[in-house]
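Structure file work_1.cif (mmCIF, N, CA and C atoms) follows.
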data_final
loop_
_atom_site.label_atom_id
_atom_site.label_comp_id
_atom_site.auth_asym_id
_atom_site.auth_seq_id
_atom_site.Cartn_x
_atom_site.Cartn_y
_atom_site.Cartn_z
N MET A 28 -24.12 4.92 -27.91
CA MET A 28 -23.42 3.85 -27.21
C MET A 28 -22.76 2.90 -28.20
N SER A 29 -23.51 2.53 -29.25
CA SER A 29 -22.93 1.58 -30.20
C SER A 29 -21.79 2.21 -30.99
N SER A 30 -21.87 3.52 -31.27
CA SER A 30 -20.77 4.16 -32.00
C SER A 30 -19.51 4.20 -31.15
N SER A 31 -19.65 4.39 -29.84
CA SER A 31 -18.46 4.40 -29.00
C SER A 31 -17.88 2.99 -28.87
N LEU A 32 -18.73 1.97 -28.86
CA LEU A 32 -18.24 0.60 -28.82
C LEU A 32 -17.50 0.24 -30.11
N ILE A 33 -18.04 0.67 -31.22
CA ILE A 33 -17.36 0.45 -32.50
C ILE A 33 -16.02 1.18 -32.53
N ARG A 34 -16.00 2.41 -32.01
CA ARG A 34 -14.77 3.19 -31.94
C ARG A 34 -13.73 2.50 -31.09
N VAL A 35 -14.13 1.97 -29.93
CA VAL A 35 -13.20 1.27 -29.04
C VAL A 35 -12.64 0.04 -29.72
N ILE A 36 -13.48 -0.75 -30.38
CA ILE A 36 -13.01 -1.96 -31.07
C ILE A 36 -12.07 -1.60 -32.21
N ARG A 37 -12.40 -0.55 -32.96
CA ARG A 37 -11.54 -0.10 -34.06
C ARG A 37 -10.17 0.36 -33.52
N ASN A 38 -10.17 1.12 -32.43
CA ASN A 38 -8.90 1.57 -31.86
C ASN A 38 -8.12 0.41 -31.25
N LEU A 39 -8.80 -0.58 -30.69
CA LEU A 39 -8.13 -1.76 -30.16
C LEU A 39 -7.38 -2.49 -31.27
N ARG A 40 -8.00 -2.61 -32.43
CA ARG A 40 -7.32 -3.25 -33.56
C ARG A 40 -6.13 -2.43 -34.04
N ARG A 41 -6.24 -1.11 -33.98
CA ARG A 41 -5.16 -0.24 -34.46
C ARG A 41 -3.96 -0.21 -33.53
N VAL A 42 -4.19 -0.11 -32.21
CA VAL A 42 -3.08 0.07 -31.28
C VAL A 42 -2.53 -1.23 -30.73
N GLY A 43 -3.33 -2.30 -30.74
CA GLY A 43 -2.88 -3.57 -30.19
C GLY A 43 -3.30 -3.74 -28.75
N ILE A 44 -3.22 -4.96 -28.27
CA ILE A 44 -3.73 -5.29 -26.93
C ILE A 44 -2.90 -4.65 -25.82
N LYS A 45 -1.57 -4.60 -26.00
CA LYS A 45 -0.70 -4.03 -24.96
C LYS A 45 -0.97 -2.54 -24.77
N ASP A 46 -1.01 -1.78 -25.88
CA ASP A 46 -1.27 -0.35 -25.78
C ASP A 46 -2.72 -0.08 -25.39
N TYR A 47 -3.63 -0.99 -25.72
CA TYR A 47 -5.02 -0.84 -25.31
C TYR A 47 -5.11 -0.82 -23.78
N PHE A 48 -4.50 -1.79 -23.12
CA PHE A 48 -4.54 -1.84 -21.65
C PHE A 48 -3.76 -0.69 -21.04
N ARG A 49 -2.69 -0.29 -21.69
CA ARG A 49 -1.91 0.85 -21.18
C ARG A 49 -2.75 2.13 -21.24
N GLN A 50 -3.48 2.33 -22.33
CA GLN A 50 -4.32 3.52 -22.45
C GLN A 50 -5.49 3.47 -21.47
N MET A 51 -6.07 2.32 -21.30
CA MET A 51 -7.18 2.21 -20.35
C MET A 51 -6.71 2.47 -18.92
N ASN A 52 -5.47 2.09 -18.62
CA ASN A 52 -4.92 2.33 -17.29
C ASN A 52 -4.61 3.81 -17.08
N SER A 53 -4.10 4.49 -18.11
CA SER A 53 -3.65 5.86 -17.90
C SER A 53 -4.72 6.90 -18.23
N ILE A 54 -5.41 6.79 -19.38
CA ILE A 54 -6.37 7.83 -19.75
C ILE A 54 -7.82 7.35 -19.72
N GLY A 55 -8.04 6.06 -19.53
CA GLY A 55 -9.39 5.54 -19.41
C GLY A 55 -10.17 5.49 -20.71
N ASP A 56 -9.48 5.52 -21.83
CA ASP A 56 -10.13 5.49 -23.13
C ASP A 56 -9.13 4.92 -24.13
N THR A 57 -9.62 4.47 -25.27
CA THR A 57 -8.72 4.02 -26.33
C THR A 57 -8.65 5.10 -27.38
N LYS A 58 -7.44 5.43 -27.79
CA LYS A 58 -7.24 6.47 -28.78
C LYS A 58 -6.20 6.02 -29.78
N TYR A 59 -6.34 6.53 -30.99
CA TYR A 59 -5.38 6.24 -32.04
C TYR A 59 -5.11 7.54 -32.77
N GLY A 60 -3.84 7.85 -32.97
CA GLY A 60 -3.48 9.08 -33.66
C GLY A 60 -2.03 9.07 -34.08
N ARG A 61 -1.59 10.20 -34.62
CA ARG A 61 -0.21 10.29 -35.10
C ARG A 61 0.70 10.70 -33.96
N LEU A 62 1.89 10.16 -33.97
CA LEU A 62 2.91 10.51 -32.98
C LEU A 62 3.45 11.89 -33.34
N VAL A 63 3.29 12.84 -32.42
CA VAL A 63 3.71 14.21 -32.66
C VAL A 63 5.15 14.42 -32.22
N GLY A 64 5.53 13.80 -31.10
CA GLY A 64 6.89 13.97 -30.62
C GLY A 64 7.15 13.20 -29.35
N VAL A 65 8.42 13.21 -28.95
CA VAL A 65 8.87 12.54 -27.73
C VAL A 65 9.69 13.55 -26.95
N ASP A 66 9.45 13.66 -25.66
CA ASP A 66 10.25 14.59 -24.86
C ASP A 66 11.50 13.92 -24.33
N ARG A 67 12.30 14.65 -23.58
CA ARG A 67 13.58 14.10 -23.14
C ARG A 67 13.43 13.02 -22.08
N TYR A 68 12.25 12.88 -21.50
CA TYR A 68 12.02 11.84 -20.50
C TYR A 68 11.50 10.55 -21.13
N GLY A 69 11.23 10.57 -22.43
CA GLY A 69 10.76 9.37 -23.12
C GLY A 69 9.25 9.28 -23.25
N ASN A 70 8.51 10.31 -22.85
CA ASN A 70 7.06 10.32 -23.00
C ASN A 70 6.70 10.59 -24.46
N LYS A 71 5.66 9.92 -24.95
CA LYS A 71 5.23 10.08 -26.34
C LYS A 71 3.93 10.88 -26.38
N PHE A 72 3.87 11.83 -27.30
CA PHE A 72 2.72 12.71 -27.42
C PHE A 72 2.02 12.46 -28.74
N PHE A 73 0.69 12.34 -28.68
CA PHE A 73 -0.11 11.99 -29.84
C PHE A 73 -1.20 13.03 -30.07
N GLU A 74 -1.69 13.04 -31.31
CA GLU A 74 -2.82 13.91 -31.66
C GLU A 74 -3.67 13.20 -32.70
N ASN A 75 -4.98 13.33 -32.55
CA ASN A 75 -5.93 12.78 -33.50
C ASN A 75 -6.99 13.84 -33.75
N THR A 76 -7.08 14.32 -34.96
CA THR A 76 -8.06 15.35 -35.29
C THR A 76 -9.23 14.78 -36.07
N GLY A 77 -9.49 13.50 -35.89
CA GLY A 77 -10.60 12.85 -36.59
C GLY A 77 -11.94 13.35 -36.09
N GLU A 78 -12.97 13.09 -36.89
CA GLU A 78 -14.30 13.60 -36.54
C GLU A 78 -14.96 12.79 -35.42
N ASP A 79 -14.42 11.62 -35.08
CA ASP A 79 -15.04 10.83 -34.02
C ASP A 79 -14.49 11.17 -32.64
N GLU A 80 -13.59 12.14 -32.55
CA GLU A 80 -13.03 12.54 -31.26
C GLU A 80 -13.81 13.72 -30.69
N ILE A 81 -13.86 13.78 -29.37
CA ILE A 81 -14.55 14.86 -28.67
C ILE A 81 -13.66 16.10 -28.70
N HIS A 82 -14.26 17.27 -28.84
CA HIS A 82 -13.53 18.53 -28.89
C HIS A 82 -12.69 18.70 -27.62
N LEU A 83 -11.47 19.15 -27.76
CA LEU A 83 -10.49 19.36 -26.69
C LEU A 83 -10.07 18.06 -26.00
N ARG A 84 -10.26 16.93 -26.66
CA ARG A 84 -9.78 15.66 -26.15
C ARG A 84 -9.02 14.91 -27.24
N THR A 85 -8.35 15.69 -28.09
CA THR A 85 -7.68 15.11 -29.24
C THR A 85 -6.18 14.94 -29.02
N ARG A 86 -5.65 15.42 -27.90
CA ARG A 86 -4.22 15.30 -27.62
C ARG A 86 -4.05 14.51 -26.33
N TRP A 87 -3.06 13.63 -26.31
CA TRP A 87 -2.80 12.85 -25.11
C TRP A 87 -1.34 12.44 -25.07
N VAL A 88 -0.95 11.98 -23.90
CA VAL A 88 0.44 11.57 -23.67
C VAL A 88 0.45 10.11 -23.25
N GLN A 89 1.46 9.40 -23.72
CA GLN A 89 1.70 8.03 -23.28
C GLN A 89 3.02 8.08 -22.51
N TYR A 90 2.92 7.96 -21.20
CA TYR A 90 4.11 8.07 -20.35
C TYR A 90 5.06 6.90 -20.60
N LYS A 91 6.31 7.15 -20.33
CA LYS A 91 7.34 6.13 -20.57
C LYS A 91 7.10 4.91 -19.67
N ASP A 92 6.76 5.15 -18.43
CA ASP A 92 6.58 4.07 -17.46
C ASP A 92 5.10 3.83 -17.21
N TRP A 93 4.79 2.69 -16.62
CA TRP A 93 3.39 2.37 -16.30
C TRP A 93 2.86 3.28 -15.22
N TYR A 94 3.71 3.65 -14.26
CA TYR A 94 3.29 4.63 -13.27
C TYR A 94 3.59 6.00 -13.87
N PHE A 95 2.73 6.95 -13.65
CA PHE A 95 2.90 8.23 -14.30
C PHE A 95 2.65 9.36 -13.32
N ASP A 96 3.28 10.47 -13.62
CA ASP A 96 3.18 11.66 -12.80
C ASP A 96 3.33 12.86 -13.73
N VAL A 97 2.50 13.87 -13.56
CA VAL A 97 2.54 15.02 -14.45
C VAL A 97 3.87 15.76 -14.33
N SER A 98 4.55 15.63 -13.21
CA SER A 98 5.84 16.30 -13.07
C SER A 98 6.91 15.67 -13.95
N GLN A 99 6.63 14.52 -14.56
CA GLN A 99 7.57 13.86 -15.46
C GLN A 99 7.32 14.27 -16.91
N MET A 100 7.04 15.54 -17.12
CA MET A 100 6.76 16.05 -18.45
C MET A 100 7.38 17.44 -18.57
N GLU A 101 7.91 17.75 -19.76
CA GLU A 101 8.49 19.07 -19.98
C GLU A 101 7.39 20.12 -20.02
N PRO A 102 7.67 21.34 -19.53
CA PRO A 102 6.64 22.40 -19.51
C PRO A 102 6.08 22.75 -20.88
N ALA A 103 6.92 22.75 -21.92
CA ALA A 103 6.43 23.10 -23.26
C ALA A 103 5.40 22.08 -23.74
N TRP A 104 5.64 20.81 -23.46
CA TRP A 104 4.68 19.78 -23.86
C TRP A 104 3.41 19.88 -23.03
N HIS A 105 3.54 20.26 -21.78
CA HIS A 105 2.37 20.43 -20.94
C HIS A 105 1.46 21.53 -21.49
N GLY A 106 2.06 22.61 -21.97
CA GLY A 106 1.29 23.68 -22.59
C GLY A 106 0.60 23.23 -23.87
N TRP A 107 1.28 22.40 -24.65
CA TRP A 107 0.67 21.90 -25.88
C TRP A 107 -0.51 20.98 -25.57
N LEU A 108 -0.36 20.12 -24.56
CA LEU A 108 -1.46 19.22 -24.18
C LEU A 108 -2.68 19.99 -23.70
N GLY A 109 -2.44 21.12 -23.01
CA GLY A 109 -3.54 21.92 -22.49
C GLY A 109 -4.10 22.92 -23.49
N TYR A 110 -3.71 22.81 -24.76
CA TYR A 110 -4.20 23.67 -25.84
C TYR A 110 -3.84 25.14 -25.63
N LEU A 111 -2.72 25.40 -24.94
CA LEU A 111 -2.25 26.77 -24.81
C LEU A 111 -1.56 27.23 -26.09
N VAL A 112 -0.94 26.30 -26.81
CA VAL A 112 -0.29 26.59 -28.08
C VAL A 112 -0.75 25.54 -29.10
N ASP A 113 -0.71 25.91 -30.37
CA ASP A 113 -1.13 24.99 -31.41
C ASP A 113 0.03 24.21 -32.01
N THR A 114 1.23 24.77 -31.94
CA THR A 114 2.40 24.12 -32.53
C THR A 114 3.12 23.31 -31.46
N PRO A 115 3.31 22.03 -31.66
CA PRO A 115 4.03 21.23 -30.67
C PRO A 115 5.51 21.62 -30.62
N PRO A 116 6.16 21.45 -29.47
CA PRO A 116 7.57 21.82 -29.34
C PRO A 116 8.49 21.10 -30.32
N SER A 117 8.10 19.93 -30.79
CA SER A 117 8.95 19.19 -31.73
C SER A 117 8.98 19.84 -33.11
N GLU A 118 8.00 20.68 -33.42
CA GLU A 118 7.93 21.32 -34.74
C GLU A 118 8.42 22.77 -34.72
N LEU A 119 8.89 23.25 -33.58
CA LEU A 119 9.40 24.62 -33.50
C LEU A 119 10.84 24.69 -33.99
N GLN A 120 11.19 25.80 -34.60
CA GLN A 120 12.56 26.05 -35.01
C GLN A 120 13.38 26.41 -33.76
N PRO A 121 14.69 26.20 -33.78
CA PRO A 121 15.51 26.51 -32.59
C PRO A 121 15.38 27.96 -32.13
N GLU A 122 15.22 28.90 -33.06
CA GLU A 122 15.11 30.31 -32.65
C GLU A 122 13.73 30.63 -32.05
N GLN A 123 12.75 29.75 -32.24
CA GLN A 123 11.42 29.97 -31.67
C GLN A 123 11.29 29.41 -30.26
N LYS A 124 12.21 28.55 -29.86
CA LYS A 124 12.12 27.93 -28.55
C LYS A 124 12.58 28.89 -27.47
N THR A 125 11.94 28.82 -26.33
CA THR A 125 12.31 29.65 -25.20
C THR A 125 13.59 29.12 -24.58
N VAL A 126 14.54 30.02 -24.39
CA VAL A 126 15.81 29.65 -23.77
C VAL A 126 15.82 30.23 -22.36
N ARG A 127 16.01 29.36 -21.39
CA ARG A 127 16.05 29.81 -20.00
C ARG A 127 17.46 30.26 -19.62
N LYS A 128 17.53 31.20 -18.72
CA LYS A 128 18.83 31.66 -18.24
C LYS A 128 19.43 30.69 -17.23
N TYR A 129 18.60 29.80 -16.73
CA TYR A 129 19.05 28.80 -15.77
C TYR A 129 18.68 27.43 -16.30
N PRO A 130 19.43 26.41 -15.95
CA PRO A 130 19.10 25.07 -16.46
C PRO A 130 17.84 24.52 -15.81
N THR A 131 17.12 23.74 -16.58
CA THR A 131 15.93 23.09 -16.05
C THR A 131 16.35 21.95 -15.14
N PRO A 132 15.85 21.90 -13.90
CA PRO A 132 16.25 20.81 -13.01
C PRO A 132 15.67 19.49 -13.46
N ASP A 133 16.34 18.44 -13.08
CA ASP A 133 15.80 17.11 -13.37
C ASP A 133 14.54 16.90 -12.54
N VAL A 134 13.71 16.01 -13.01
CA VAL A 134 12.44 15.75 -12.35
C VAL A 134 12.68 15.04 -11.03
N ILE A 135 12.03 15.54 -10.00
CA ILE A 135 12.02 14.86 -8.71
C ILE A 135 10.67 14.14 -8.64
N PRO A 136 10.67 12.82 -8.68
CA PRO A 136 9.39 12.11 -8.73
C PRO A 136 8.59 12.31 -7.45
N ASN A 137 7.28 12.22 -7.60
CA ASN A 137 6.38 12.34 -6.47
C ASN A 137 6.55 11.10 -5.60
N GLY A 138 6.89 11.29 -4.34
CA GLY A 138 7.19 10.16 -3.46
C GLY A 138 6.04 9.72 -2.58
N THR A 139 4.82 10.12 -2.91
CA THR A 139 3.67 9.74 -2.10
C THR A 139 3.53 8.23 -2.04
N GLY A 140 3.38 7.70 -0.85
CA GLY A 140 3.23 6.26 -0.67
C GLY A 140 4.54 5.51 -0.61
N THR A 141 5.66 6.21 -0.63
CA THR A 141 6.97 5.57 -0.55
C THR A 141 7.74 6.13 0.64
N ARG A 142 8.96 5.66 0.82
CA ARG A 142 9.79 6.19 1.90
C ARG A 142 10.23 7.62 1.63
N ASN A 143 10.13 8.06 0.37
CA ASN A 143 10.53 9.42 0.01
C ASN A 143 9.39 10.42 0.12
N ALA A 144 8.29 10.03 0.72
CA ALA A 144 7.13 10.92 0.83
C ALA A 144 7.46 12.11 1.72
N TYR A 145 6.89 13.25 1.37
CA TYR A 145 7.08 14.45 2.17
C TYR A 145 6.22 14.35 3.42
N VAL A 146 6.84 14.54 4.57
CA VAL A 146 6.13 14.49 5.84
C VAL A 146 6.38 15.80 6.56
N PRO A 147 5.37 16.64 6.65
CA PRO A 147 5.57 17.92 7.34
C PRO A 147 5.61 17.71 8.85
N TYR A 148 6.28 18.60 9.51
CA TYR A 148 6.29 18.55 10.95
C TYR A 148 5.93 19.93 11.46
N SER A 149 5.41 20.00 12.66
CA SER A 149 4.94 21.26 13.21
C SER A 149 5.87 21.72 14.32
N THR A 150 6.18 23.01 14.32
CA THR A 150 6.99 23.60 15.38
C THR A 150 6.12 24.39 16.35
N VAL A 151 4.81 24.32 16.14
CA VAL A 151 3.87 25.06 16.97
C VAL A 151 3.39 24.14 18.10
N LYS A 152 3.27 24.73 19.29
CA LYS A 152 2.75 23.96 20.42
C LYS A 152 1.30 23.59 20.15
N PRO A 153 0.92 22.33 20.40
CA PRO A 153 -0.45 21.92 20.13
C PRO A 153 -1.45 22.71 20.97
N LYS A 154 -2.59 23.05 20.37
CA LYS A 154 -3.62 23.81 21.07
C LYS A 154 -4.49 22.91 21.93
N VAL A 155 -4.54 21.65 21.60
CA VAL A 155 -5.35 20.71 22.35
C VAL A 155 -4.44 19.63 22.87
N SER A 156 -4.59 19.30 24.15
CA SER A 156 -3.77 18.23 24.71
C SER A 156 -4.61 16.96 24.82
N MET A 157 -3.94 15.85 24.75
CA MET A 157 -4.63 14.58 24.82
C MET A 157 -5.12 14.32 26.25
N TRP A 158 -6.27 13.73 26.36
CA TRP A 158 -6.86 13.46 27.66
C TRP A 158 -6.19 12.24 28.26
N SER A 159 -5.73 12.38 29.46
CA SER A 159 -5.16 11.23 30.16
C SER A 159 -5.91 11.10 31.49
N PRO A 160 -6.73 10.09 31.61
CA PRO A 160 -7.55 9.95 32.82
C PRO A 160 -6.70 9.57 34.03
N THR A 161 -7.12 10.05 35.16
CA THR A 161 -6.48 9.64 36.42
C THR A 161 -7.46 8.72 37.13
N VAL A 162 -6.97 7.61 37.54
CA VAL A 162 -7.82 6.61 38.18
C VAL A 162 -7.40 6.51 39.64
N SER A 163 -8.39 6.64 40.47
CA SER A 163 -8.09 6.49 41.91
C SER A 163 -8.60 5.13 42.38
N GLU A 164 -8.02 4.66 43.44
CA GLU A 164 -8.42 3.35 43.96
C GLU A 164 -9.79 3.42 44.57
N ARG A 165 -10.51 2.30 44.48
CA ARG A 165 -11.84 2.23 45.07
C ARG A 165 -11.74 2.04 46.58
N THR A 166 -12.63 2.66 47.22
CA THR A 166 -12.71 2.43 48.67
C THR A 166 -14.02 1.67 48.91
N ALA A 167 -13.88 0.57 49.63
CA ALA A 167 -15.06 -0.24 49.84
C ALA A 167 -15.75 0.02 51.14
#
Could you rewrite the structure in this file as structure tokens?
Amino acid sequence: MSSSLIRVIRNLRRVGIKDYFRQMNSIGDTKYGRLVGVDRYGNKFFENTGEDEIHLRTRWVQYKDWYFDVSQMEPAWHGWLGYLVDTPPSELQPEQKTVRKYPTPDVIPNGTGTRNAYVPYSTVKPKVSMWSPTVSERTA
């Protein structure tokens, strides 16, 4: 417990108060490492191979905006974050990069909780109908 507290305080001094709160909001931990690259959306990717980091938790992303969505990341960087490849896309030669036959579409942000949220509709007749009571007049 004390080693993790010392680590948090050390990382707070390294990254500063603004990035400390940003990291706590997005990844729930404080991390310090070298900047590996930036994707076309402005997200920054970091890596720390120090001995005080937990195995398979040494790579992370700092999203451009305070609100974040995984769909706002390039697929090559997503593979690097998930440890599918060891070489980050920023260090690949142009002939090593995958070239698609079709252009990559721009990101469509997740609209959950906004007016752009996806709302499915059903074309199937409902199997259950709502109960509507019939009330007859009382006879005295």
request  = Tell me, as an MDAnalysis selection string, which residues lie within 8 Å of range 137-154 of chain A, counting only N, CA and C atoms; anything in the same chain fewer than 2 positions away does not count.
outcome  = chainID A and resid 95:99 134:135 156:157
request  = Please measure the separation of CA of Asp92 in chain A and CA of Arg37 in chain A, giving the value in Å to one decimal.
outcome  = 24.9 Å
inquiry  = For the PyMOL selection byres (((chain A and resi 101 and name CA) around 10) and name CA), applied here, can you spell out every residue it catches as number ranges by chain?
reply    = A: 66-68, 70, 97-100, 102-106, 116, 131, 134
request  = Run DSSP on the backbone and give me the residues of range 111-152 of chain A it puts in helix (DSSP H, G or I), as a count of residues only.
outcome  = 6
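CA of Gln123 in chain A sits 24.5 Å away from CA of Asn75 in chain A.
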message = Is it possible to get the residues within 8 Å of (-0.7, 5.4, -31.2) (coordinates as in the file, counting only N, CA and C atoms) written as a list in words?
response =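 Every polymer residue passing the test: Arg41, Val42, Asp46, Lys58, Tyr59, Gly60, Arg61, Leu62, Phe72, Phe73 and Glu74 of chain A.
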As JSON, please: the centre and edge lengths in Å, to one decimal, of an axis-aligned box enclosing every listed atom of range 105-119 of chain A with 4 Å added on each side.
{"center_x": 3.3, "center_y": 23.2, "center_z": -27.8, "size_x": 23.0, "size_y": 16.0, "size_z": 21.8}
query = Mind checking DSSP for range 73-126 of chain A and telling me the strand (DSSP E) residues as a list of chain:residue names?
reply =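 Residues meeting the strand (DSSP E) criterion: A:Phe73, A:Glu74, A:Arg86, A:Trp87, A:Val88, A:Gln89.
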message = Excluding range 52-54 of chain A and its own-chain neighbours fewer than 3 positions away, which residues fall within 8 Å of it when counting all atoms listed in the file? Please give them as a VMD selection string.
response = chain A and resid 46 to 49 57 88 to 90 93 95
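Among the candidates A:Val65, A:Val155, A:Val162, A:Ile81, the one nearest to Glu118 in chain A when counting only C-alpha atoms is A:Val65.
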